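Each remark here refers to the structure printed beneath this line.
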Amino acid sequence: MDRRDFLKTTGAGLAFCIGLTVEEAVGQQASKIINAWVRIAPDGTVTIYSAGAEMGQGSMTSLPLIVAEEMDADWSKVKIEFAPADARVYGYTFPPTKQQMMSIVGSRAVQLYYTQLRIAGAQVRKVLVANAAQKWGADPASLRTEPGFVVNPANGQRLAYGEIAAYGTVPSPLPAVDPKELKDPKTFRLIGKQVARHDLPGKVNGTAQYSIDVNLPGMVYASTLHSPVHDATTKVWNSMQPNAPMGAPESWNDAEIKRMKGVISVVRLPNGVAVVADSFDHARAARNALKVAWSQARAAGFDSERALEDYVRVHADPAAKSDTLDAKGDVKAAFSSAAKTYKAEFRSDYGYHAQMEPLNAVVRISDSGDRAEVWEGTQAPDVSRAMVASALGLKEEQVSFNQCYMGGGFGRRGLGDYAAEAALIAKAVRRPVKLIWTREEDIAQGMFRPQSFQCVEAATDAAGKVTGWKHCVVGDGEALLQTGIRIPYYGVPNQFIERRGVSHGVKLKHWRAVGHVFNVFAIESMVDRMAADQGMDPIAFRFEKMAATPKAQKVFEALAEMCDYRAKRPEGRALGVSITERSGSLGAGAVELSLDRASGAIRVHKVWVAVDGGLIVQPEQAKHNVESAIIYGLSSVLHERVTIRAGKVEQSNFHDYRLMRMSDVPDEMHVRFVDVDTRPTGLGEIGNPFIAPAVANALFKLTGKRLDHMPFTPERVREVLKA
């Protein structure tokens with residue numbers, strides 16, 4: 001019987017303990033499993049599973065905290081562990097597909113687990129109360145809970161959760177919870193309050209385990225070299241495609257590599273070669289000495305700059321395939337009867353995830369070959385487990401998965417391709433393997449944010465109100481192109497929004513806020529253009545001429561108060577504003593910047609953002625998430641750019657893939673959450689989409705020049721100033 005069936009049928013039992021001290025193992029065996037999420041020890045220790053992959057955003061604290069709130073746990077006695085990689089038990093339901101998933105992407109953790117975890121916590125509380133009521137001969141409805149205790153208000157009797165766990169029973173099936181039984185948010189003790197993050201002490205004292213820290217007996221090291229030319233066949237590239245026909249290694253200097261110091265083996269992969277050695281330094285040195293002949297890959301000859309210009313022709317071609325993303329009203333009539341029309345074009349380049357911890361995974365396969373164990377820092381443990389199982393020809397239940405911390409994810413660590421590679425290598429050498437991708441390999445094999453060309457057109461009536469809106473995005477990446485392209489926060493009556501797709505074979509993937517970054521840039525830059533043309537204040541134009549929704553007006557009003565919107569800026573500085581939207585949250589942001597006209601370098605001094613993100617589970621951590629996205633956004637908007645020539649990525653490391661430095665960080669960042677009484681929405685990416693248009697709009701105020709190609713590198717700014 002597997003764990004899932006065990007929990008479904010009994011709801012109770014002993015915990016299976018691996019890698020614990022004798023004392024810890026005994027304590028866990030004495031613990032009572034209440035439901036899939038919670039077990040309670042006789043000493044009152046409450047262990048809660050966290051399904052939230054922890055990469056610095058705080059999910060490993062916020063999700064268990066939701067459970068603890070509803071069960072009235074004493075937070076000082078709560079221990080947190082990563083949940084098993086089983087989406088059937090620990091997954092949320094992704095609304096569009098109704099699929100059970102554990103992927104922490106798209107700011108999903110709190111917003112999609114919130115109700116599910118509240119119900120799980122309330123279920124635990126009902127079990128505890130029922131056991132106390134039985135012991136006391138009391139009506140369960142007459143009892144109350146306090147942190148760590150069931151209390152009888154009638155006579156003052158108290159039972160600690162640990163005491164109940166020691167003698168109590170868990171019914172099967174577990175009690176149902178009506179949403180009406182959940183706590184009134186006004187009574188929350190933990191949600192909405194400042195709580196220290198669970199992962200920080202270990203990260204400070206060095207005990208937090210990343211997969212790159214894992215060491216196993218007999219472990220060897222691997223480094224890979226893949227085809228320098230990309231060979232993607234799907235919108236989210238999969239390196240484990242069976243019988244990949246292109247971009248595969250045909251031959252290499254095998255004998256030479258095997259003579260190098262420390263080299264144990266050389267392993268062929270579907271689209272690469274792995275060198276296995278007794279240390280990573282030896283593996284990397286041998287990897288750098290590889291001379292591989294590759295079969296032709298799909299992106300052979302691809303030129304990213306030339307492709308951008310090709311996108312312009314695709315947009316102009318009436319016969320080009322078009323996918324309608326949104327359509328409202330009669331756009332044709334709106335434009336034919338318009339008092340004035342506007343048109344602008346925008347471009348954006350490829351973006352790399354630039355996570356600081358190199359991609360890595362550790363895999364150990366049993367001597368019999370029928371079991372595998374994985375250590376990995378991943379945003380999607382269920383996906384990674386499935387990929388490893390598929391690569392090895394095993395069932396998922398034959399793969400044990402150990403979730404680790406991550407040194408950054410941003411969407412790249414949501415696939416598990418490198419863990420599947422580590423599994424193939426471990427199978428080939430019959431030893432535990434730690435695979436580490438070099439930074440050069442990671443950039444060359446980056447799964448990028450897609451580049452795009454966009455054309456935005458608007459029609460206004462005699463009063464200057466926007467009555468028609470057309471937006472076309474052209475590029476590779478299918479759904480990756482279209483997030484953030486709709487404008488539900490503006491009441492434009494007639495809209496037509498489309499995507500025109502091309503395919504290059506370049507590997508693409510979700511990237512922090514995905515298409516919102518370049519789509520909101522195009523949308524809000526156009527809005528600012530129209531406001532300037534009509535001589536109107538940009539915020540007033542959004543209210544009066546774009547028919548901003550009440551929610552949008554609310555965040556702009558909060559922003560105006562935060563940044564003292566009407567105040568005169570210091571000499572040589574200007575303020576730009578933009579809406580920001582992602583994962584159900586809506587906000588408004590502003591930047592104050594200056595420009596070194598000689599060098600073309602933009603300096604952002606201050607940033608403000610007001611966000612409607614629903615109920616905030618951890619206010620301080622939510623603020624840090626928004627600040628993090630601001631920095632990430634500024635880095636990508638001002639510096640980061642991937643270019644491809646002859647199918648090969650030109651950048652190789654952080655010396656030529658420019659990231660924001662500490663000296664570039666704004667002097668001030670201000671974040672305010674608009675008070676609302678609704679369920680949580682996503683906050684991990686909301687700080688990113690507004691950056692590009694706010695910067696571009698501020699630069700226009702300062703110089704009268706428009707930026708329309710992201711990123712705004714100094715070279716591009718100088719060209720615009722000369723134009």
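Order determines the names: the first chain of the structure tokens is A, the second B, and so forth; residues in each chain are numbered 1 upward, and ligands are numbered 1 upward as they are shown.
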When you look at range 149-152 of chain A with a cut-off of 12 Å (counting only C-alpha atoms), what residues show up, excluding the ones that are within fewer than 5 positions of it in the same chain? I need them as a ChimeraX atom specification.
/A:44,71-74,124-133,135-144,157-165
Residue subset to file, keeping N, CA and C atoms, as a JSON list (two decimals), in the first residue's frame:
[["chain", "number", "residue", "atom", "x", "y", "z"],
["A", 44, "GLY", "N", 3.85, 17.87, 21.87],
["A", 44, "GLY", "CA", 3.19, 19.05, 21.32],
["A", 44, "GLY", "C", 3.80, 19.58, 20.04],
["A", 71, "MET", "N", -5.79, 25.45, 12.34],
["A", 71, "MET", "CA", -5.82, 24.41, 13.38],
["A", 71, "MET", "C", -5.48, 24.98, 14.75],
["A", 72, "ASP", "N", -5.17, 26.28, 14.80],
["A", 72, "ASP", "CA", -4.80, 26.94, 16.05],
["A", 72, "ASP", "C", -3.55, 26.30, 16.65],
["A", 73, "ALA", "N", -2.54, 26.10, 15.84],
["A", 73, "ALA", "CA", -1.28, 25.55, 16.34],
["A", 73, "ALA", "C", -0.47, 26.64, 17.05],
["A", 74, "ASP", "N", 0.31, 26.19, 18.01],
["A", 74, "ASP", "CA", 1.27, 27.08, 18.66],
["A", 74, "ASP", "C", 2.46, 27.18, 17.71],
["A", 124, "VAL", "N", -7.94, 19.26, 10.92],
["A", 124, "VAL", "CA", -7.14, 18.83, 12.08],
["A", 124, "VAL", "C", -7.78, 19.34, 13.36],
["A", 125, "ARG", "N", -8.22, 20.58, 13.35],
["A", 125, "ARG", "CA", -8.85, 21.14, 14.55],
["A", 125, "ARG", "C", -10.11, 20.36, 14.94],
["A", 126, "LYS", "N", -10.90, 19.95, 13.94],
["A", 126, "LYS", "CA", -12.11, 19.18, 14.23],
["A", 126, "LYS", "C", -11.77, 17.83, 14.87],
["A", 127, "VAL", "N", -10.72, 17.19, 14.37],
["A", 127, "VAL", "CA", -10.31, 15.89, 14.93],
["A", 127, "VAL", "C", -9.88, 16.07, 16.38],
["A", 128, "LEU", "N", -9.10, 17.10, 16.67],
["A", 128, "LEU", "CA", -8.62, 17.34, 18.03],
["A", 128, "LEU", "C", -9.77, 17.66, 18.97],
["A", 129, "VAL", "N", -10.68, 18.50, 18.50],
["A", 129, "VAL", "CA", -11.82, 18.88, 19.33],
["A", 129, "VAL", "C", -12.71, 17.67, 19.61],
["A", 130, "ALA", "N", -12.93, 16.84, 18.59],
["A", 130, "ALA", "CA", -13.78, 15.66, 18.77],
["A", 130, "ALA", "C", -13.18, 14.71, 19.81],
["A", 131, "ASN", "N", -11.87, 14.53, 19.80],
["A", 131, "ASN", "CA", -11.22, 13.66, 20.79],
["A", 131, "ASN", "C", -11.31, 14.24, 22.19],
["A", 132, "ALA", "N", -11.16, 15.55, 22.31],
["A", 132, "ALA", "CA", -11.29, 16.18, 23.63],
["A", 132, "ALA", "C", -12.72, 16.08, 24.14],
["A", 133, "ALA", "N", -13.67, 16.28, 23.24],
["A", 133, "ALA", "CA", -15.08, 16.20, 23.63],
["A", 133, "ALA", "C", -15.43, 14.80, 24.12],
["A", 135, "LYS", "N", -13.38, 12.64, 25.48],
["A", 135, "LYS", "CA", -12.73, 12.41, 26.78],
["A", 135, "LYS", "C", -13.49, 13.09, 27.90],
["A", 136, "TRP", "N", -14.00, 14.29, 27.63],
["A", 136, "TRP", "CA", -14.69, 15.06, 28.66],
["A", 136, "TRP", "C", -16.19, 14.77, 28.71],
["A", 137, "GLY", "N", -16.70, 14.06, 27.71],
["A", 137, "GLY", "CA", -18.14, 13.86, 27.64],
["A", 137, "GLY", "C", -18.87, 15.15, 27.34],
["A", 138, "ALA", "N", -18.26, 15.99, 26.51],
["A", 138, "ALA", "CA", -18.82, 17.30, 26.21],
["A", 138, "ALA", "C", -19.28, 17.36, 24.76],
["A", 139, "ASP", "N", -20.09, 18.36, 24.46],
["A", 139, "ASP", "CA", -20.54, 18.61, 23.09],
["A", 139, "ASP", "C", -19.40, 19.31, 22.35],
["A", 140, "PRO", "N", -18.93, 18.75, 21.22],
["A", 140, "PRO", "CA", -17.83, 19.39, 20.49],
["A", 140, "PRO", "C", -18.11, 20.86, 20.15],
["A", 141, "ALA", "N", -19.37, 21.17, 19.90],
["A", 141, "ALA", "CA", -19.71, 22.55, 19.53],
["A", 141, "ALA", "C", -19.49, 23.53, 20.67],
["A", 142, "SER", "N", -19.41, 23.00, 21.90],
["A", 142, "SER", "CA", -19.24, 23.89, 23.06],
["A", 142, "SER", "C", -17.77, 24.19, 23.35],
["A", 143, "LEU", "N", -16.87, 23.49, 22.65],
["A", 143, "LEU", "CA", -15.44, 23.64, 22.93],
["A", 143, "LEU", "C", -14.80, 24.66, 22.00],
["A", 144, "ARG", "N", -13.68, 25.17, 22.45],
["A", 144, "ARG", "CA", -12.92, 26.16, 21.68],
["A", 144, "ARG", "C", -11.46, 25.73, 21.61],
["A", 157, "GLN", "N", -11.44, 23.49, 31.60],
["A", 157, "GLN", "CA", -10.59, 22.35, 31.27],
["A", 157, "GLN", "C", -9.78, 22.64, 30.01],
["A", 158, "ARG", "N", -8.54, 22.11, 29.99],
["A", 158, "ARG", "CA", -7.65, 22.33, 28.85],
["A", 158, "ARG", "C", -6.92, 21.03, 28.52],
["A", 159, "LEU", "N", -6.80, 20.75, 27.26],
["A", 159, "LEU", "CA", -6.02, 19.60, 26.80],
["A", 159, "LEU", "C", -5.05, 20.08, 25.73],
["A", 160, "ALA", "N", -3.76, 19.80, 25.94],
["A", 160, "ALA", "CA", -2.76, 20.18, 24.95],
["A", 160, "ALA", "C", -2.88, 19.26, 23.74],
["A", 161, "TYR", "N", -2.54, 19.80, 22.59],
["A", 161, "TYR", "CA", -2.60, 19.00, 21.37],
["A", 161, "TYR", "C", -1.74, 17.74, 21.48],
["A", 162, "GLY", "N", -0.59, 17.85, 22.13],
["A", 162, "GLY", "CA", 0.27, 16.69, 22.30],
["A", 162, "GLY", "C", -0.39, 15.60, 23.12],
["A", 163, "GLU", "N", -1.12, 16.01, 24.18],
["A", 163, "GLU", "CA", -1.83, 15.03, 25.01],
["A", 163, "GLU", "C", -2.88, 14.29, 24.18],
["A", 164, "ILE", "N", -3.61, 15.05, 23.36],
["A", 164, "ILE", "CA", -4.65, 14.43, 22.53],
["A", 164, "ILE", "C", -4.01, 13.47, 21.53],
["A", 165, "ALA", "N", -2.88, 13.89, 20.95],
["A", 165, "ALA", "CA", -2.20, 13.03, 19.98],
["A", 165, "ALA", "C", -1.76, 11.72, 20.62]]
Nearby residues (only C-alpha atoms) at most 8 Å from Glu685 in chain A, same-chain spacing under 5 positions excluded, as a PyMOL selection string:
chain A and resi 106-107+512-513+582-583+625-626+629
Serialized selection, C-alpha atoms, as a compact mmCIF listing (two decimals), in the first residue's frame:
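Result file part.txt:
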# COMPACT_ATOMS: atom_id res chain seq x y z
CA GLY A 106 3.23 32.26 -11.79
CA SER A 107 2.88 33.41 -8.16
CA ARG A 512 9.44 35.94 -14.10
CA ALA A 513 6.09 37.50 -15.19
CA ARG A 582 -0.06 39.68 -12.88
CA SER A 583 -1.63 36.55 -11.37
CA ASN A 625 8.84 39.72 -3.00
CA VAL A 626 7.64 42.88 -4.73
CA ALA A 629 10.66 41.71 -8.67
Quick one: pick out all alpha helix (DSSP H) residues within range 146-204 of chain A from a backbone DSSP run and write them as number ranges by chain.
A: 161-167, 200-204
Please write the residues from the selection above to a file, keeping C-alpha atoms, as a CSV table (one decimal), in the first residue's frame.
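In the end it all went to result.csv:
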chain,number,residue,atom,x,y,z
A,161,TYR,CA,-2.6,19.0,21.4
A,162,GLY,CA,0.3,16.7,22.3
A,163,GLU,CA,-1.8,15.0,25.0
A,164,ILE,CA,-4.6,14.4,22.5
A,165,ALA,CA,-2.2,13.0,20.0
A,166,ALA,CA,-0.9,10.6,22.6
A,167,TYR,CA,-4.3,8.9,23.3
A,200,LEU,CA,16.4,32.0,7.1
A,201,PRO,CA,18.3,30.6,10.1
A,202,GLY,CA,19.6,27.6,8.1
A,203,LYS,CA,20.6,29.9,5.3
A,204,VAL,CA,22.5,32.1,7.7
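Shell of Gln534 in chain A at 12 Å, with only C-alpha atoms counted and residues fewer than 4 places along the chain excluded, is Lys340, Tyr342, Thr460, Ala462, Ala463, Gly464, Lys465, Val466, Val527, Asp528, Arg529, Met530, Pro538, Ala540, Phe541, Glu544 and Lys545 of chain A.
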Based on the selection just made, write all heavy atoms of those residues as a short mmCIF file (atom, residue, chain, number, x, y, z; two decimals), in the first residue's frame.
data_model
loop_
_atom_site.label_atom_id
_atom_site.label_comp_id
_atom_site.auth_asym_id
_atom_site.auth_seq_id
_atom_site.Cartn_x
_atom_site.Cartn_y
_atom_site.Cartn_z
N LYS A 340 -9.34 60.41 -34.32
CA LYS A 340 -7.89 60.32 -34.46
C LYS A 340 -7.46 58.90 -34.15
O LYS A 340 -8.07 58.22 -33.33
CB LYS A 340 -7.19 61.30 -33.51
CG LYS A 340 -5.69 61.39 -33.73
CD LYS A 340 -5.07 62.56 -32.97
CE LYS A 340 -3.60 62.70 -33.35
NZ LYS A 340 -2.98 63.89 -32.68
N TYR A 342 -3.91 56.26 -33.46
CA TYR A 342 -2.51 56.21 -33.03
C TYR A 342 -1.95 54.84 -33.38
O TYR A 342 -2.67 53.83 -33.37
CB TYR A 342 -2.40 56.41 -31.52
CG TYR A 342 -2.90 57.73 -31.01
CD1 TYR A 342 -4.26 57.92 -30.74
CD2 TYR A 342 -2.03 58.79 -30.78
CE1 TYR A 342 -4.73 59.13 -30.27
CE2 TYR A 342 -2.49 60.01 -30.29
CZ TYR A 342 -3.84 60.17 -30.04
OH TYR A 342 -4.30 61.37 -29.55
N THR A 460 -9.58 57.13 -31.13
CA THR A 460 -10.26 58.00 -30.16
C THR A 460 -11.41 58.73 -30.84
O THR A 460 -11.38 58.97 -32.06
CB THR A 460 -9.29 59.02 -29.55
OG1 THR A 460 -8.70 59.80 -30.61
CG2 THR A 460 -8.18 58.32 -28.78
N ALA A 462 -14.24 62.14 -30.76
CA ALA A 462 -14.05 63.60 -30.75
C ALA A 462 -13.70 64.13 -29.38
O ALA A 462 -13.05 65.19 -29.26
CB ALA A 462 -15.32 64.27 -31.28
N ALA A 463 -14.10 63.43 -28.32
CA ALA A 463 -13.79 63.86 -26.96
C ALA A 463 -12.44 63.33 -26.48
O ALA A 463 -12.05 63.59 -25.34
CB ALA A 463 -14.90 63.40 -26.01
N GLY A 464 -11.76 62.59 -27.33
CA GLY A 464 -10.46 62.06 -26.95
C GLY A 464 -10.51 60.74 -26.23
O GLY A 464 -9.47 60.20 -25.83
N LYS A 465 -11.71 60.18 -26.05
CA LYS A 465 -11.83 58.89 -25.37
C LYS A 465 -11.40 57.76 -26.30
O LYS A 465 -11.70 57.78 -27.50
CB LYS A 465 -13.26 58.66 -24.91
CG LYS A 465 -13.70 59.59 -23.79
CD LYS A 465 -15.09 59.24 -23.27
CE LYS A 465 -15.47 60.13 -22.10
NZ LYS A 465 -16.82 59.79 -21.56
N VAL A 466 -10.72 56.78 -25.73
CA VAL A 466 -10.24 55.65 -26.53
C VAL A 466 -11.41 54.70 -26.75
O VAL A 466 -11.95 54.11 -25.80
CB VAL A 466 -9.08 54.93 -25.82
CG1 VAL A 466 -8.60 53.75 -26.67
CG2 VAL A 466 -7.92 55.90 -25.59
N VAL A 527 -0.40 54.18 -24.03
CA VAL A 527 -1.27 55.04 -23.23
C VAL A 527 -0.59 56.37 -22.93
O VAL A 527 -1.18 57.44 -23.03
CB VAL A 527 -1.68 54.33 -21.92
CG1 VAL A 527 -2.41 55.29 -20.99
CG2 VAL A 527 -2.56 53.12 -22.22
N ASP A 528 0.69 56.31 -22.57
CA ASP A 528 1.43 57.54 -22.27
C ASP A 528 1.58 58.42 -23.51
O ASP A 528 1.51 59.65 -23.42
CB ASP A 528 2.80 57.18 -21.71
CG ASP A 528 3.43 58.33 -20.94
OD1 ASP A 528 3.01 58.56 -19.79
OD2 ASP A 528 4.33 59.00 -21.50
N ARG A 529 1.77 57.80 -24.67
CA ARG A 529 1.85 58.56 -25.92
C ARG A 529 0.57 59.34 -26.17
O ARG A 529 0.60 60.52 -26.56
CB ARG A 529 2.11 57.61 -27.10
CG ARG A 529 3.55 57.17 -27.27
CD ARG A 529 3.62 56.01 -28.26
NE ARG A 529 4.94 55.80 -28.84
CZ ARG A 529 5.95 55.19 -28.25
NH1 ARG A 529 5.79 54.71 -27.02
NH2 ARG A 529 7.11 55.05 -28.85
N MET A 530 -0.57 58.69 -25.98
CA MET A 530 -1.85 59.36 -26.22
C MET A 530 -2.09 60.47 -25.21
O MET A 530 -2.59 61.55 -25.57
CB MET A 530 -2.98 58.33 -26.18
CG MET A 530 -2.94 57.34 -27.33
SD MET A 530 -4.39 56.26 -27.40
CE MET A 530 -4.14 55.23 -25.96
N PRO A 538 -0.94 61.87 -17.24
CA PRO A 538 -1.05 60.44 -17.56
C PRO A 538 -2.06 59.68 -16.71
O PRO A 538 -2.75 58.79 -17.23
CB PRO A 538 0.37 59.92 -17.33
CG PRO A 538 1.24 61.11 -17.55
CD PRO A 538 0.45 62.27 -17.02
N ALA A 540 -4.73 61.03 -15.07
CA ALA A 540 -6.06 61.54 -15.42
C ALA A 540 -6.51 60.96 -16.76
O ALA A 540 -7.70 60.65 -16.95
CB ALA A 540 -6.03 63.07 -15.48
N PHE A 541 -5.59 60.81 -17.70
CA PHE A 541 -5.94 60.24 -19.00
C PHE A 541 -6.44 58.81 -18.83
O PHE A 541 -7.43 58.41 -19.47
CB PHE A 541 -4.72 60.25 -19.93
CG PHE A 541 -5.00 59.72 -21.30
CD1 PHE A 541 -5.51 60.55 -22.28
CD2 PHE A 541 -4.78 58.38 -21.60
CE1 PHE A 541 -5.79 60.05 -23.56
CE2 PHE A 541 -5.05 57.88 -22.87
CZ PHE A 541 -5.56 58.72 -23.85
N GLU A 544 -10.05 59.12 -17.33
CA GLU A 544 -11.08 59.77 -18.15
C GLU A 544 -11.19 59.20 -19.56
O GLU A 544 -12.29 59.07 -20.10
CB GLU A 544 -10.80 61.27 -18.23
CG GLU A 544 -10.86 61.98 -16.88
CD GLU A 544 -10.44 63.43 -16.98
OE1 GLU A 544 -10.61 64.03 -18.07
OE2 GLU A 544 -9.94 63.99 -15.98
N LYS A 545 -10.05 58.89 -20.17
CA LYS A 545 -10.07 58.50 -21.58
C LYS A 545 -9.92 57.00 -21.80
O LYS A 545 -10.35 56.48 -22.84
CB LYS A 545 -8.95 59.22 -22.34
CG LYS A 545 -8.93 60.73 -22.16
CD LYS A 545 -10.24 61.39 -22.58
CE LYS A 545 -10.14 62.91 -22.46
NZ LYS A 545 -11.41 63.58 -22.82
#
Write out as a PyMOL selection string each polymer residue whose atoms come within 7 Å of Thr224 in chain A, counting only C-alpha atoms; drop sequence neighbours fewer than 3 positions from it.
chain A and resi 272-275+287+437
Please produce a file of those selected residues containing C-alpha atoms, as a tab-separated table (two decimals), in the first residue's frame.
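After the write, part_24.tsv holds the following:
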chain	number	residue	atom	x	y	z
A	272	GLY	CA	24.77	16.19	-25.40
A	273	VAL	CA	27.81	14.55	-23.87
A	274	ALA	CA	28.48	14.15	-20.14
A	275	VAL	CA	31.93	13.76	-18.64
A	287	ARG	CA	34.12	18.98	-20.47
A	437	TRP	CA	25.86	22.63	-15.29
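Neighbouring residues of range 645-660 of chain A at 8 Å or closer, counting only C-alpha atoms and skipping chain neighbours under 5 positions away, are Pro228, Val229, His230, Ala299, Ala300, Gly301, Phe302, Asp303, Ser304, Arg439, Glu440, Glu441, Ile443, Ala444, Ile631, Leu634, Ser635, Ser636, Leu638, His639, Glu640 and Val665 of chain A.
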Produce a file of the selected residues containing N, CA, C and O atoms, as a compact mmCIF listing (two decimals), in the first residue's frame.
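Now in out-v4.txt:
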# COMPACT_ATOMS: atom_id res chain seq x y z
N PRO A 228 25.66 23.29 -29.38
CA PRO A 228 25.66 24.75 -29.24
C PRO A 228 24.50 25.42 -29.96
O PRO A 228 24.19 26.58 -29.70
N VAL A 229 23.88 24.69 -30.88
CA VAL A 229 22.72 25.22 -31.59
C VAL A 229 21.45 24.64 -30.98
O VAL A 229 21.36 23.43 -30.77
N HIS A 230 20.49 25.50 -30.70
CA HIS A 230 19.26 25.06 -30.07
C HIS A 230 18.45 24.15 -30.98
O HIS A 230 18.52 24.24 -32.20
N ALA A 299 17.72 25.19 -34.96
CA ALA A 299 17.99 26.63 -34.97
C ALA A 299 19.23 26.99 -35.78
O ALA A 299 19.71 28.12 -35.71
N ALA A 300 19.77 26.06 -36.56
CA ALA A 300 20.97 26.33 -37.36
C ALA A 300 20.74 27.55 -38.26
O ALA A 300 19.73 27.65 -38.96
N GLY A 301 21.68 28.49 -38.20
CA GLY A 301 21.59 29.68 -39.03
C GLY A 301 20.72 30.79 -38.48
O GLY A 301 20.64 31.88 -39.06
N PHE A 302 20.07 30.55 -37.35
CA PHE A 302 19.15 31.56 -36.81
C PHE A 302 19.90 32.79 -36.33
O PHE A 302 20.94 32.70 -35.68
N ASP A 303 19.38 33.96 -36.65
CA ASP A 303 19.93 35.25 -36.24
C ASP A 303 18.82 36.03 -35.54
O ASP A 303 17.81 36.37 -36.15
N SER A 304 19.00 36.32 -34.25
CA SER A 304 17.92 36.93 -33.47
C SER A 304 17.58 38.34 -33.94
O SER A 304 16.39 38.72 -33.97
N ARG A 439 28.08 27.67 -15.74
CA ARG A 439 27.34 28.87 -16.11
C ARG A 439 27.32 29.03 -17.64
O ARG A 439 26.30 29.42 -18.22
N GLU A 440 28.44 28.73 -18.27
CA GLU A 440 28.50 28.84 -19.72
C GLU A 440 27.49 27.91 -20.39
O GLU A 440 26.84 28.29 -21.37
N GLU A 441 27.37 26.71 -19.83
CA GLU A 441 26.40 25.75 -20.39
C GLU A 441 24.98 26.23 -20.17
O GLU A 441 24.11 26.12 -21.05
N ILE A 443 23.85 29.34 -19.86
CA ILE A 443 23.49 30.44 -20.76
C ILE A 443 23.34 29.93 -22.20
O ILE A 443 22.38 30.26 -22.89
N ALA A 444 24.27 29.10 -22.63
CA ALA A 444 24.19 28.57 -24.00
C ALA A 444 22.92 27.76 -24.20
O ALA A 444 22.34 27.75 -25.29
N ILE A 631 13.73 44.80 -8.61
CA ILE A 631 15.15 44.70 -8.96
C ILE A 631 15.33 43.82 -10.20
O ILE A 631 16.09 44.15 -11.12
N LEU A 634 14.15 45.81 -13.21
CA LEU A 634 15.08 46.86 -13.60
C LEU A 634 16.31 46.29 -14.28
O LEU A 634 16.81 46.84 -15.27
N SER A 635 16.80 45.17 -13.77
CA SER A 635 17.97 44.54 -14.37
C SER A 635 17.68 44.15 -15.82
O SER A 635 18.49 44.40 -16.72
N SER A 636 16.51 43.54 -16.04
CA SER A 636 16.18 43.09 -17.39
C SER A 636 15.89 44.26 -18.32
O SER A 636 16.23 44.22 -19.50
N LEU A 638 17.06 47.43 -18.13
CA LEU A 638 18.18 48.34 -18.39
C LEU A 638 19.42 47.64 -18.94
O LEU A 638 20.28 48.29 -19.53
N HIS A 639 19.54 46.32 -18.74
CA HIS A 639 20.80 45.67 -19.07
C HIS A 639 20.68 44.37 -19.86
O HIS A 639 21.44 44.14 -20.79
N GLU A 640 19.80 43.46 -19.47
CA GLU A 640 19.91 42.06 -19.88
C GLU A 640 19.43 41.82 -21.32
O GLU A 640 18.33 42.21 -21.69
N VAL A 665 21.28 49.76 -7.81
CA VAL A 665 19.99 49.59 -7.12
C VAL A 665 19.42 50.94 -6.71
O VAL A 665 20.16 51.83 -6.28
Can you tell me, as number ranges by chain, what residues are no more than 12 Å from Lys183 in chain A when counting only C-alpha atoms, ignoring any on the same chain fewer than 6 positions away?
A: 66-72, 115, 118-119, 121-122, 125, 144-145, 177, 189-191
With only C-alpha atoms as the counted atoms, please give the residues lying no more than 7 Å from Pro493 in chain A, apart from itself and same-chain residues fewer than 2 positions off, as a list in words.
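That gives Lys328, Gly329, Thr467, Gly468, Gly491 and Gln495 of chain A.
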Which residue gives the smallest distance to Val506 in chain A among A:Arg39, A:Arg566, A:Lys551, A:Arg298, with only C-alpha atoms counted?
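Checking each of A:Arg39, A:Arg566, A:Lys551, A:Arg298 against Val506 in chain A, counting only C-alpha atoms, the winner is A:Arg298.
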Quick one: DSSP strand (DSSP E) residues in range 41-140 of chain A, as number ranges by chain?
A: 46-50, 78-82, 92-94, 99-101
One residue among A:Thr681, A:Leu559, A:Ala51, A:Arg597 is nearest to Gly584 in chain A when using only C-alpha atoms, and that residue is A:Thr681
